[in-house]
Amino acid sequence: MYEHDVIVVGAGGAGLRAAIAADEAGADVAIVSKLHPVRSHTGAAEGGINAALRDADSWEDHAYDTMKGSDYLGDAPAIETLCQDSPYEVIQLEHWGMAFSREEDGRVSQRPFGGLSFPRTTYAGAETGHQLLHTLYEQLVKRGIQVYDEWYVMNLAVTDEERPEDRHCHGVVAYDVQTSEVAGFKARDGVILATGGPGQAFDHTTNAVSCTGDGQAMAYRAGVPLEDMEFIQFHPTTLPSTGVLISEGVRGEGGILYNEEGERFMYERGYANNDGELASRDVVSRAELTEVNEGRGIEDEYVHLDMRHLGEDRIMDRLENILHLAEDFEGADGIEEPMPVKPGQHYAMGGIETDENGETCVGGLYAAGECACASVHGANRLGGNALPELIVLGKRAGYHAAGKEIEEAKVETGKRGEYETATIDSPVELGEGGSPGDAVADGGAVAAGGSADPDTLLEQTVESERQRVDELQSGEDGIHHSEVRSKVQETMTDHVNVFREEEGLKQALRDIREARDEYENVRVMDPSKTFNTDLLQTIETQNLLDLAEAITVGALARKEFRGAHWRAEAQERKDDEWLKHTLLSWNDGSPELWYRPVILEGENKTYEPKVRSY
Amino acid sequence: MSQSYNRGLIEDFGRWREFSAGMWAWIFHKFTGWVLVGYLFTHIAVLSTSIPASAGETVVYEGTQVDVYTGTIVALESLLVVRILEVGLLAVAVFHILNGLRLLFVDLGIGLESQDKSFYASLILTGAITVASVPTFIAGAF
Amino acid sequence: MAEHYSSFTKGGRLWLWQRITAAFLVVVLAFHFFLLHFVYHADEVTFALSQARMETLTYYSLMILFLFTATFHGVNGVYNALVNQGLTGTKRQAVKWTLVAASVVLLVQGVRTANAWAGFTTFF
Amino acid sequence: MSTQPPQHEHEESPADGVDDAESTPPAQQRREDAKADKRSRDAQRQAEADDAAKRDEPTRHIKVFRYDPEIEGKQEPRFDDFHVPFEKGMTVLDALIYARDQYDPSLTFRHSCRQAVCGSDAFFVNGDQRLGCKTQLSELDDPVRIEPLPHQEVVKDLVVDMDHFYEEMEAVDPYFDPDETPDGELEEQRQSRENREKVKMSTRCIWCGACFSSCNIAAGDNQYLGPAALNKAYRFAMDDREGESRKTERLETIEQEHGVWRCQTQFSCTNVCPKDIPLTEHIQELKREAVKKNLKFW
Ligand SMILES: Cc1cc2nc3c(=O)[nH]c(=O)nc-3n(C[C@H](O)[C@H](O)[C@H](O)COP(=O)(O)OP(=O)(O)OC[C@H]3O[C@@H](n4cnc5c(N)ncnc54)[C@H](O)[C@@H]3O)c2cc1C
Ligand code: HEM
Ligand code: SF4
Ligand code: F3S
Ligand code: FES
């Protein structure tokens, strides 16, 4: 067993920032990550980091934009914290040497971004995430913080009191990918989950293969509620075969979208008569899909993004990177031909419910980054607002876990304060489907008795995870997890995509149920104990099952159109009824739905919901 | 613990087919350098016969009495192998010089983008110079 | 590898000297080749001719310098090549001193030869 | 954890050359059976793909290096052939994923981002170090030979041990460490555009290890810092924000025995770098900087 004060799970931007903060606060901290830190998906971020750095700008304006962008589903205290701290954190990165693009006078460059009232997106070329990730990792090396890389965290060691609010997290159990050793990592002060998004629940995504939402699934099964899972952002221009992102910059420079008939549909079909291709992400995504659904897509799949008319010089000057991406990943030459694009899953606004200090309702358990939901993005994330979330909330989680005094959180977690319960209208049984208590099979919180001491708890969890590994690797001939996974991914992309309607969502729940049943027979085909990726992916697939279900349940319950969530039955925002967060608790295997009102009261003012138009 | 498989040196060198210009240049430069050192040693050894020569030692060469040095050199130079080896030496030296110049430019940071072209140029020039000098080298050998 | 190294500039100095000698050698070697194969043909070489050239002090000094630079350049090149292939520890020391010894022999013998022509008997 | 269940040990050395079924642990027996079963299924799938090939649907032939230290039949390194249906835009990584998910789930390789930023999937493809995700199959001749990176030990299939590479990267103090930091929390360290431009390419390294694997010197001298680490040193030494005294220290680090002087300007690192970093140029510039610094002292 390994033991540290603070254990950080995940080494993307959020995890690294949290570890550095915990180290600064004097804690003995270690990171456990299934990938080497520099392989984390934060490295893929292109656009930039929002921060009110200039005199003419203010954090209040940033907060206002963020609240408006969230379609009034963000919590004001969290949003204000984000916007107040972001400038300090960005300059901190600058002090750590991050290679930002520069102005003539030597200051860091900022550019305009969708939904922002001031050009406050601080950037480093078109590779901001790469620069951020590497800068943070360098600081980690400087401080000599221990990293257990290529260790896959399988479960949390959480006590099993009746109410999640009484439970406590004492550490994690991880699997060493190189040797297949299963070991306990005891955390004396706290565990911080920073495992990134669940993009792999969809079959077409800009997210990495490693984005399987493990942290969300583990926290969920340990009793922590998942918040606002139905809000998934789809990016309108991704390459069809790989999901690689083609930056909004192409449309910004004048790129045009065409359907199979050669129509500039954004105008000709009246999707956005003013802004055309430059309308907001959700509008363009919906337009593209409508074209495809009505038979005007190319190969029934995608539309064309054409930038040939910009001319080779301008393309080379401002969009060179895009040429490489289209060439390398789609075999398309952007100078000679239009590039195929279609909407792809991009970001999950929801996640593990936390407050603005990263704390969950389970004692000693924190979450930060894309896996968490302190609710800074609400129903829709603005471009450039995820990276500040990593560094601001990552740092706060690190400090808090290490016991450093910081302001008390205003956002509440767990079933405390004001909330209402609800029932789920599902066509099939959800969750574990009648086998609760089978700790090994469900991979949930271990029945260790609430009073067990941390060491025993950890050892028992290790033992049950070890059994899980053995069981997955033995047994009779079964099906391969990839069949289950593609079933889930396909149904999610067919039914829980940009367009959502009741029947489709129910179909998705049925498919997920079926996939869950199939998963009962899943078996790892590779018997090896060395670098067994088959085993890891099989476990990840189970996580995706739980998360896909949570996303779909939320989407089915929310009968309104808000931010990224569109419903055929109710194509408008309903503030009287739906100014509330969707929460889903695992409840030992049978998901329970409840709601909590959105906090619109900020430090100095209350945000009044307005119509979101740009 | 997992073990791992070390593919060893054999495989490294088995990859020569996949080498690129810069690697070939490196190998050739190394080879020619070593040949040149080897020659330097032999060269001095042969030339050393001038020491006894200066002390008046002589040998009989084709019936005439000459000093050891002249005798040795003339004897060697009359052998065809030696002449051929000398042409080889020239090729080696010319390549080493040309590629050496190329490397000096690379060290100065000049023309790095065309490093492969300058390597091919060195090869071709070496060939040309060598061929052009064959008559001179062979002259009088028969 | 993680430990810190103290300033070890010797590598840099040798590296620089390798380039300096190379630059010098380009000129001298070309001259040497030209003189001995094109101006005078190889089969015309005789003791007397060499003697005539060596007796000029400039030629003599040039040849001595040629000998020293070529020896340094060649031997240092060989040493470097071996080090690049990961030669370390005692083996490396052994190779180093063998090379030094060989160089010394070469230089001594070379100078003696030149002296024989030039008619110096003083040095060795 | 030291308390491993006993039967665990047993399973680590499969069969141990013992033939009679009685002595084989049941779990393992099941596994063997399943394996045989799977093999036949693989064969069937492969046959389908072959059929597809005959029917003239485009397929591509890949030959993949296989090795697993503890699985019988894989202990001796070998190549496996897969025929994957070809689609426009398909990359080497896509082909591997297809082969794994459709034919052989035990085929192992690292990959994550699929867009050339995570640096996980550098392989030796038809004789060159390349990122699987950034290499279009259409550029390559059949059969496409995919091997693990040369000069690194193979853990399994296409997975190599990267520890040595990481050690070298970390040996050059790869972090920003300025002589002084601005007082104000919101005060930036100014940097000119030219200076940012100078270090820009060097900051793009994704730690894929392709360059290191391609370098003959790194193969021969195990302690050679290698192109990627030297490039990392360049990234900081050339950044004006760090200051002169740190730069001098950095030059001392890269001047050590196994530092810049080992580079023989073979250029293969520059040729293979998927991020187009001019590695040789950076190394050469460091050599000149080091010489200049030393000349000052003489
Ligand atoms: C293509 C793209 C472009 C983007 N551009 C922008 C942009 O311009 N601006 C912006 O603000 N945002 C952008 N985003 C969003 C932003 O990049 C992500 O939300 C953010 O990087 C997520 O960071 P993270 O630290 O939460 O997770 P990640 O960076 O995904 O890291 C997750 C970490 O968790 C580890 N991990 C996961 N599961 C386990 C497990 N079971 N055991 C152990 N370790 C585990 C992984 O190894 C990894 O280290 C973009 C996203 C994408 C995909
Ligand atoms: C005439 C001009 C010459 C030039 C321009 C020249 C240039 C060079 C250069 C630049 C190198 C360094 C290569 C490196 O370290 O990357 C080198 C190496 C070497 N040179 Fe020369 N050289 C010349 C003549 C000679 C001569 C006359 C000899 C023989 C005595 C010689 C023997 C060597 C050897 C042995 C090496 C090492 C090769 C290796 O790396 O294995 N060179 N030369
Ligand atoms: S320098 Fe290039 S090849 Fe080398 S590790 Fe970095 S990205 Fe890969
Ligand atoms: S391949 Fe090696 S020798 Fe130098 S130029 Fe690159 S580091
Ligand atoms: S998969 Fe990330 S670099 Fe290829």
# chains A, B, ... in the order shown; residues from 1 in each chain; ligands from 1
call {"tool": "residues_near_ligand", "arguments": {"ligand": "ligand 4", "cutoff": "10 Å", "atoms": "only C-alpha atoms and all ligand atoms", "output": "PyMOL selection string"}}
result
(chain B and resi 22-23+26) or (chain C and resi 84) or (chain D and resi 211-219+224-231+259-272+278-284)
call {"tool": "interface_residues", "arguments": {"of": "chain D", "to": "chain A", "cutoff": "7 Å", "atoms": "only C-alpha atoms", "output": "PyMOL selection string"}}
result
chain D and resi 1+27+30-31+34+70-71+89+101+105-106+108+112-115+117-120+134-136+156+174-176+181+185-186+188-193
call {"tool": "residues_near_ligand", "arguments": {"ligand": "ligand 3", "cutoff": "6 Å", "atoms": "only C-alpha atoms and all ligand atoms", "output": "NGL selection string"}}
result
:D and (205-211 or 228 or 273-275 or 277)
call {"tool": "atom_distance", "arguments": {"atom1": "atom 43 (N, counted along the ligand's line) of ligand 2", "atom2": "atom CA of Thr21 of chain C"}}
result
8.5 Å
call {"tool": "closest_atom_pairs", "arguments": {"of": "chain B", "to": "chain C", "cutoff": "10 Å", "atoms": "only C-alpha atoms", "output": "CSV"}}
result
residue,atom,partner,partner_atom,distance
B:Lys30,CA,C:Ala81,CA,7.6
B:Gly33,CA,C:Gly74,CA,6.9
B:Trp34,CA,C:Val78,CA,6.9
B:Val35,CA,C:Gly74,CA,9.7
B:Leu36,CA,C:Gly74,CA,7.5
B:Val37,CA,C:Gly74,CA,5.4
B:Gly38,CA,C:Gly74,CA,9.0
B:Leu40,CA,C:Thr71,CA,7.9
B:Phe41,CA,C:Leu106,CA,6.7
B:Thr42,CA,C:Leu106,CA,9.8
B:His43,CA,C:Gly110,CA,9.4
B:Ile44,CA,C:Gly110,CA,5.9
B:Ala45,CA,C:Gln109,CA,7.8
B:Val46,CA,C:Thr113,CA,9.8
B:Leu47,CA,C:Thr113,CA,6.7
B:Ser48,CA,C:Thr113,CA,5.2
B:Thr49,CA,C:Thr113,CA,7.7
B:Ser50,CA,C:Thr113,CA,6.0
B:Ile51,CA,C:Ala116,CA,5.2
B:Pro52,CA,C:Ala116,CA,8.3
B:Ala53,CA,C:Phe47,CA,7.9
B:Ser54,CA,C:Ala116,CA,5.8
B:Ala55,CA,C:Ala116,CA,8.3
B:Val66,CA,C:Phe47,CA,9.5
B:Asp67,CA,C:Phe47,CA,7.5
B:Val68,CA,C:Phe47,CA,8.8
B:Tyr69,CA,C:Phe47,CA,6.1
B:Thr70,CA,C:Thr46,CA,4.8
B:Gly71,CA,C:Thr46,CA,8.4
B:Thr72,CA,C:Thr46,CA,9.8
B:Ile73,CA,C:Val45,CA,7.2
B:Val74,CA,C:Asp43,CA,6.0
B:Ala75,CA,C:Asp43,CA,9.0
B:Leu76,CA,C:Asp43,CA,8.9
B:Glu77,CA,C:Asp43,CA,5.8
B:Ser78,CA,C:Asp43,CA,7.3
B:Arg83,CA,C:Ala42,CA,9.2
B:Glu86,CA,C:Ala42,CA,9.9
B:Leu90,CA,C:Phe33,CA,8.6
B:Ala93,CA,C:Leu29,CA,8.8
B:Val94,CA,C:Ala30,CA,9.0
B:His96,CA,C:Val26,CA,9.6
B:Ile97,CA,C:Val26,CA,6.3
B:Leu98,CA,C:Val26,CA,8.8
B:Gly100,CA,C:Ala22,CA,7.3
B:Leu101,CA,C:Ala23,CA,7.9
B:Leu103,CA,C:Arg19,CA,9.0
B:Leu104,CA,C:Arg19,CA,6.8
B:Asp107,CA,C:Arg19,CA,8.7
B:Ser133,CA,C:Phe38,CA,9.0
B:Thr136,CA,C:Phe38,CA,6.9
B:Phe137,CA,C:His37,CA,7.1
B:Ile138,CA,C:Ala42,CA,9.4
B:Ala139,CA,C:His41,CA,8.1
B:Gly140,CA,C:Asp43,CA,7.0
B:Ala141,CA,C:Asp43,CA,8.0
call {"tool": "residues_near_ligand", "arguments": {"ligand": "ligand 1", "cutoff": "7 Å", "atoms": "only C-alpha atoms and all ligand atoms", "output": "PyMOL selection string"}}
result
chain A and resi 9-15+32-37+39-49+128-129+151-154+194-197+206-207+210-215+244-245+346-347+368-371+383-388+390
call {"tool": "atom_distance", "arguments": {"atom1": "atom CA of His304 of chain A", "atom2": "atom CA of Tyr258 of chain A"}}
result
5.1 Å
call {"tool": "atom_distance", "arguments": {"atom1": "atom CA of Val155 of chain D", "atom2": "atom CA of Gly89 of chain C"}}
result
29.5 Å
call {"tool": "select_by_dssp", "arguments": {"residues": "segment 103-312 of chain A", "states": "alpha helix (DSSP H)", "output": "PyMOL selection string"}}
result
chain A and resi 128-143+214-221+249-252+265-268+281-291+312
call {"tool": "closest_residue", "arguments": {"among": "B:Thr130, B:Ser20, B:Gln115, B:Phe31", "to": "ligand 2", "atoms": "only C-alpha atoms and all ligand atoms"}}
result
B:Phe31
call {"tool": "closest_residue", "arguments": {"among": "D:Glu139, D:Asp121, D:Asp104, D:Asp128", "to": "ligand 5", "atoms": "only C-alpha atoms and all ligand atoms"}}
result
D:Asp121
call {"tool": "decode", "arguments": {"residues": "segment 303-318 of chain A", "atoms": "N, CA, C and O atoms", "output": "short mmCIF file (atom, residue, chain, number, x, y, z; two decimals), in the first residue's frame"}}
result
data_model
loop_
_atom_site.label_atom_id
_atom_site.label_comp_id
_atom_site.auth_asym_id
_atom_site.auth_seq_id
_atom_site.Cartn_x
_atom_site.Cartn_y
_atom_site.Cartn_z
N VAL A 303 -21.13 17.69 -44.21
CA VAL A 303 -21.25 18.82 -45.13
C VAL A 303 -19.83 19.29 -45.47
O VAL A 303 -18.86 18.76 -44.93
N HIS A 304 -19.74 20.26 -46.36
CA HIS A 304 -18.43 20.75 -46.76
C HIS A 304 -18.11 22.10 -46.14
O HIS A 304 -18.95 22.99 -46.12
N LEU A 305 -16.90 22.22 -45.67
CA LEU A 305 -16.40 23.51 -45.20
C LEU A 305 -15.34 23.93 -46.21
O LEU A 305 -14.32 23.28 -46.38
N ASP A 306 -15.64 25.03 -46.88
CA ASP A 306 -14.78 25.43 -47.99
C ASP A 306 -13.99 26.67 -47.65
O ASP A 306 -14.56 27.69 -47.25
N MET A 307 -12.69 26.59 -47.79
CA MET A 307 -11.89 27.80 -47.55
C MET A 307 -11.00 28.11 -48.75
O MET A 307 -10.12 28.96 -48.68
N ARG A 308 -11.27 27.43 -49.88
CA ARG A 308 -10.40 27.63 -51.04
C ARG A 308 -10.35 29.09 -51.50
O ARG A 308 -9.31 29.59 -51.89
N HIS A 309 -11.54 29.75 -51.43
CA HIS A 309 -11.60 31.13 -51.92
C HIS A 309 -10.75 32.10 -51.10
O HIS A 309 -10.53 33.22 -51.50
N LEU A 310 -10.29 31.67 -49.94
CA LEU A 310 -9.46 32.57 -49.14
C LEU A 310 -8.08 32.75 -49.77
O LEU A 310 -7.36 33.70 -49.48
N GLY A 311 -7.74 31.80 -50.61
CA GLY A 311 -6.45 31.90 -51.28
C GLY A 311 -5.33 31.28 -50.46
O GLY A 311 -5.35 31.30 -49.23
N GLU A 312 -4.38 30.71 -51.17
CA GLU A 312 -3.31 29.97 -50.50
C GLU A 312 -2.54 30.84 -49.50
O GLU A 312 -2.19 30.39 -48.42
N ASP A 313 -2.30 32.10 -49.87
CA ASP A 313 -1.48 32.93 -49.00
C ASP A 313 -2.12 33.15 -47.65
O ASP A 313 -1.50 32.96 -46.60
N ARG A 314 -3.40 33.53 -47.71
CA ARG A 314 -4.08 33.81 -46.45
C ARG A 314 -4.21 32.52 -45.63
O ARG A 314 -4.05 32.53 -44.41
N ILE A 315 -4.48 31.42 -46.30
CA ILE A 315 -4.61 30.15 -45.58
C ILE A 315 -3.30 29.81 -44.89
O ILE A 315 -3.26 29.48 -43.71
N MET A 316 -2.21 29.91 -45.66
CA MET A 316 -0.91 29.57 -45.09
C MET A 316 -0.58 30.48 -43.91
O MET A 316 0.02 30.07 -42.92
N ASP A 317 -0.97 31.73 -44.05
CA ASP A 317 -0.62 32.70 -43.02
C ASP A 317 -1.38 32.45 -41.71
O ASP A 317 -0.81 32.49 -40.64
N ARG A 318 -2.69 32.24 -41.84
CA ARG A 318 -3.47 32.19 -40.59
C ARG A 318 -4.01 30.82 -40.23
O ARG A 318 -4.42 30.60 -39.09
#
